[in-house]
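Notes follow the structure.
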Amino acid sequence: MQTATVENPLREGLRLERVPAPCAMVIFGASGDLTSRKLMPALYNLAIEGLLPSGFSVVGYARRDLTHDVFRAQMRDAVDKYSRRRPVDPTVWETFEQGISYVQGNFEESGDYEKLGKELERLDKERGTAGNRIYYLAAPPVAYQTIVDNLGGAGLVGEEQDESWTRLVVEKPFGRDLGSAIALNEHLHTVFREKQIYRIDHYLGKETVQNIMAFRFANGIFEPIWSRNYIDHVQITVAETIGIEDRGGYYDKAGALRDMVQNHMLQLLSVIGMEPPITFGADAVRDEKVKTLRAIRPISPEAVDEFAVRGQYAPGWVAGQEVEGYRQEAKVNPESVTETFVAVKLLIDSWRWAGVPFYLRTGKRMPRRVTEIAIQFKSVPHSLFKSTAGSPLEPNVLTLRIQPDEGISLKIAAKVPGPSIRLRSVNMGFLYGTSFFVESPDAYERLLLDCMYGESTLFTRRDETEAAWKPITEILEGWAIAPPQRIPQYDAGTWGPAEADAFIARDGRSWRRP
Ligand code: BG6
């Protein structure tokens with residue numbers, strides 16, 4: 001990893017120890033949504049904080065015929081609309097936009113990559129980017145292989161050397177199943193080495209997700225109880241109120257299992273389930289995460305219904321607004337059986353987790369937006385308070401709230417004041433908002449900066465991606481054997497189909513209502 005302390009006019013007044021070495025970032029698919037909504041706003045916010053290296057440059061690469069100035073103006077509008085800090089600060093922008101340029105090119109045209117090469121050489125000369133490059137694949141996944149081949153063919157991929165480096169950032173979806181993910185990995189490896197590849201999963205960039213590791217491994221009291229000896233089960237919920245927005249074309253081919261579970265939710269599971277790593281280094285952490293993923297019990301296609309249940313939203317009401325059903329959405333097959341809700345039960349066959357089910361549930365058009373991990377502990381072995389408590393004692397639940405209302409709470413039983421012993425559940429809590437008076441950066445800010453540093457702990461390694469695809473592919477194969485005539489429906493604005501309640505009730509448990 002190369003870092004250097006360099007002068008940066010935007011850093012004035014900030015006492016930072018290091019910034020990454022100067023570099024250029026090429027965004028393939030620069031006219032797309034991701035660039036406007038996430039990448040440019042993240043880079044701009046890094047600029048405000050003085051975290052970008054001097055001479056940092058962004059090259060937009062896309063098909064449209066645009067001048068540098070038009071592209072810059074478009075990016076300024078995007079930042080104005082989507083940045084967490086708005087409106088744009090003209091002084092910061094003026095310096096930042098000097099590093100933005102545009103290359104008009106097709107993904108398939110090898111000649112266009114020569115143009116790109118010339119632009120990068122210009123930046124090296126004029127802005128001192130020193131041959132350091134990040135190629136960001138924000139293009140449709142079908143184009144990944146072509147782009148990578150052309151970069152290699154045009155001689156634009158150097159080794160990760162001491163003098164300069166080249167890195168590749170790959171967005172999701174990373175394949176459609178295990179086979180295609182392996183094929184994509186093989187293909188990337190024909191041009192890039194594994195240590196040059198940064199597979200991005202924006203959940204890992206969230207402060208609250210990183211804090212799971214701090215919570216587990218920087219506090220001595222939780223690790224001893226973090227196992228089957230004390231934990232009954234774990235529920236991971238990612239509920240969204242939004243529908244599929246204008247992504248019908250993509251979503252109808254993907255579905256919730258691929259869109260959310262394969263990546264974000266299995267990442268959450270692996271951070272909760274991993275053994276303590278030896279260090280916080282990229283390989284040490286990822287070695288432990290991948291072991292957890294590999295320990296997930298295989299799901300045979302015939303038994304798929306024991307492990308997964310799906311649903312699709314019908315018309316309904318969300319936050320006081322009437323919304324249409326999934327099949328009425330644009331670019332969705334009116335007879336689609338794609339799932340917009342899925343719940344799965346995963347068993348991790350390890351000493352730590354034997355017999356502790358992990359229930360994962362995600363859906364669009366749910367009543368509330370909430371992402372949380374609830375660790376439900378076993379009930380007390382013998383209750384002294386049974387007869388006087390009124391209702392049965394609830395077990396302790398530790399809830400890690402990823403978003404919104406970021407924080408952690410622990411549900412405990414407490415005595416209600418008064419002459420008799422009556423118990424009630426109360427929450428002990430920590431809230432980011434009241435403990436730290438700083439706004440959390442967006443996940444992309446953290447991840448882009450890490451990539452510039454060559455720090456890959458929060459990116460998914462090849463073996464992790466493949467290990468995460470394995471159980472997902474098994475479920476998909478099970479579903480493919482008997483394609484449903486009718487996928488369970490749920491009204492928009494509810495917590496999923498009745499089948500999901502029956503699914504967990506079979507184990508004598510119930511879903512939380514966050
Ligand atoms: C994306 C999915 O990866 O994550 C979207 O493709 C989903 O469907 C989004 O809405 C959720 O991200 P967040 O950060 O809003 O929880």
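Ordering of the structure tokens sets the chain letters (A, B, ...), residue numbers begin anew at 1 in every chain, and ligands are numbered from 1 in the order given.
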Contacts of ligand 1, 8 Å or closer, only C-alpha atoms and all ligand atoms, given as a ChimeraX atom specification: /A:172,201-203,238,240,242,244,251,256,259-260,264,364,371,403
Contacts of Ile296 in chain A at 12 Å (only C-alpha atoms; same-chain gap of 6+ positions) as a ChimeraX atom specification: /A:266,269-270,273-274,289-290,307,345-350,353-358,467-472,474
Near-Arg365 in chain A list (8 Å; only C-alpha atoms; drop same-chain fewer than 2 positions) as a PyMOL selection string: chain A and resi 239-243+313+318+363+367+492-494
d(CA of Val191 in chain A, CA of Phe28 in chain A) in Å: 16.7 Å
I want to know what sits within 12 Å of Ala502 in chain A, based on only C-alpha atoms, with residues of the same chain fewer than 3 positions away left out; could you give that as an mmCIF file with C-alpha atoms, in the first residue's frame?
```cif
data_model
loop_
_atom_site.group_PDB
_atom_site.id
_atom_site.type_symbol
_atom_site.label_atom_id
_atom_site.label_comp_id
_atom_site.auth_asym_id
_atom_site.auth_seq_id
_atom_site.Cartn_x
_atom_site.Cartn_y
_atom_site.Cartn_z
ATOM 1 C CA ASP A 305 -39.315 -24.753 1.332
ATOM 2 C CA GLU A 306 -37.898 -25.547 4.746
ATOM 3 C CA ALA A 308 -36.842 -20.132 2.135
ATOM 4 C CA VAL A 309 -40.170 -18.446 1.530
ATOM 5 C CA ARG A 310 -40.926 -15.654 -0.897
ATOM 6 C CA ALA A 343 -37.160 -14.884 4.178
ATOM 7 C CA GLY A 496 -44.812 -9.770 4.019
ATOM 8 C CA PRO A 497 -47.025 -12.721 3.146
ATOM 9 C CA ALA A 498 -48.796 -14.888 5.715
ATOM 10 C CA GLU A 499 -46.588 -17.737 4.489
ATOM 11 C CA ALA A 505 -43.850 -20.310 13.403
ATOM 12 C CA ARG A 506 -42.934 -23.863 12.394
ATOM 13 C CA ASP A 507 -39.809 -23.416 14.524
ATOM 14 C CA GLY A 508 -41.854 -22.058 17.434
ATOM 15 C CA ARG A 509 -40.621 -18.508 16.836
ATOM 16 C CA SER A 510 -42.025 -15.304 15.394
ATOM 17 C CA TRP A 511 -40.760 -12.331 13.426
#
```
Select from range 233-284 of chain A every residue with an atom at most 10 Å from any atom of range 375-383 of chain A, then for each give the shortest pair of atoms and their distance in Å to one decimal, using only C-alpha atoms, rows by chain and rising number, as CSV.
```
residue,atom,partner,partner_atom,distance
A:His233,CA,A:Gln376,CA,5.5
A:Val234,CA,A:Ile375,CA,4.7
A:Gln235,CA,A:Ile375,CA,6.6
A:Ile236,CA,A:Ile375,CA,8.7
A:Ile272,CA,A:Ile375,CA,9.4
```
With C-alpha atoms retained, export the selected residues as a PDB file, in the first residue's frame.
```pdb
ATOM      1  CA  HIS A 233     -31.488 -17.360  17.250  1.00  0.00           C
ATOM      2  CA  VAL A 234     -30.582 -14.327  15.155  1.00  0.00           C
ATOM      3  CA  GLN A 235     -32.942 -12.267  12.982  1.00  0.00           C
ATOM      4  CA  ILE A 236     -31.582  -9.985  10.307  1.00  0.00           C
ATOM      5  CA  ILE A 272     -22.037 -11.368  13.158  1.00  0.00           C
TER       6      ILE A 272
END
```
Distance criterion (only C-alpha atoms): nearest to Pro315 in chain A out of A:Leu268, A:Met366, A:Val261, A:Val58: A:Met366
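Note that CA of Lys253 in chain A and CA of Val337 in chain A are 10.0 Å apart.
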Members of range 42-189 of chain A assigned strand (DSSP E) by DSSP, as a PyMOL selection string: chain A and resi 57-62+100-104+133-137+166-170
Exercise: Pro173 in chain A partners within 9 Å, only C-alpha atoms, chain neighbours under 3 positions left out, as a VMD selection string: chain A and resid 141 170 176 254 258 to 259 263
How would the residues just picked look written out with N, CA, C and O atoms as an mmCIF file, in the first residue's frame?
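Contents of again-v9.cif, freshly written:
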```cif
data_model
loop_
_atom_site.group_PDB
_atom_site.id
_atom_site.type_symbol
_atom_site.label_atom_id
_atom_site.label_comp_id
_atom_site.auth_asym_id
_atom_site.auth_seq_id
_atom_site.Cartn_x
_atom_site.Cartn_y
_atom_site.Cartn_z
ATOM 1 N N PRO A 141 -23.565 -4.805 -15.920
ATOM 2 C CA PRO A 141 -22.681 -5.966 -15.738
ATOM 3 C C PRO A 141 -22.347 -6.712 -17.028
ATOM 4 O O PRO A 141 -21.268 -7.275 -17.133
ATOM 5 N N VAL A 170 -15.461 -3.174 -8.728
ATOM 6 C CA VAL A 170 -16.562 -3.857 -9.412
ATOM 7 C C VAL A 170 -17.825 -3.720 -8.574
ATOM 8 O O VAL A 170 -17.844 -4.054 -7.393
ATOM 9 N N ARG A 176 -24.906 -13.972 -11.589
ATOM 10 C CA ARG A 176 -26.336 -14.279 -11.351
ATOM 11 C C ARG A 176 -26.493 -15.516 -10.481
ATOM 12 O O ARG A 176 -27.538 -15.830 -9.976
ATOM 13 N N ALA A 254 -33.764 -10.121 -11.380
ATOM 14 C CA ALA A 254 -32.935 -10.401 -10.201
ATOM 15 C C ALA A 254 -33.776 -10.962 -9.062
ATOM 16 O O ALA A 254 -33.668 -12.143 -8.714
ATOM 17 N N ARG A 258 -31.314 -12.324 -4.909
ATOM 18 C CA ARG A 258 -30.047 -11.898 -5.528
ATOM 19 C C ARG A 258 -29.722 -10.451 -5.170
ATOM 20 O O ARG A 258 -28.570 -10.104 -4.936
ATOM 21 N N ASP A 259 -30.738 -9.604 -5.158
ATOM 22 C CA ASP A 259 -30.519 -8.167 -4.995
ATOM 23 C C ASP A 259 -30.017 -7.814 -3.591
ATOM 24 O O ASP A 259 -29.197 -6.907 -3.436
ATOM 25 N N ASN A 263 -25.617 -10.509 -1.215
ATOM 26 C CA ASN A 263 -24.529 -9.580 -0.921
ATOM 27 C C ASN A 263 -24.688 -8.966 0.471
ATOM 28 O O ASN A 263 -24.056 -9.398 1.426
#
```
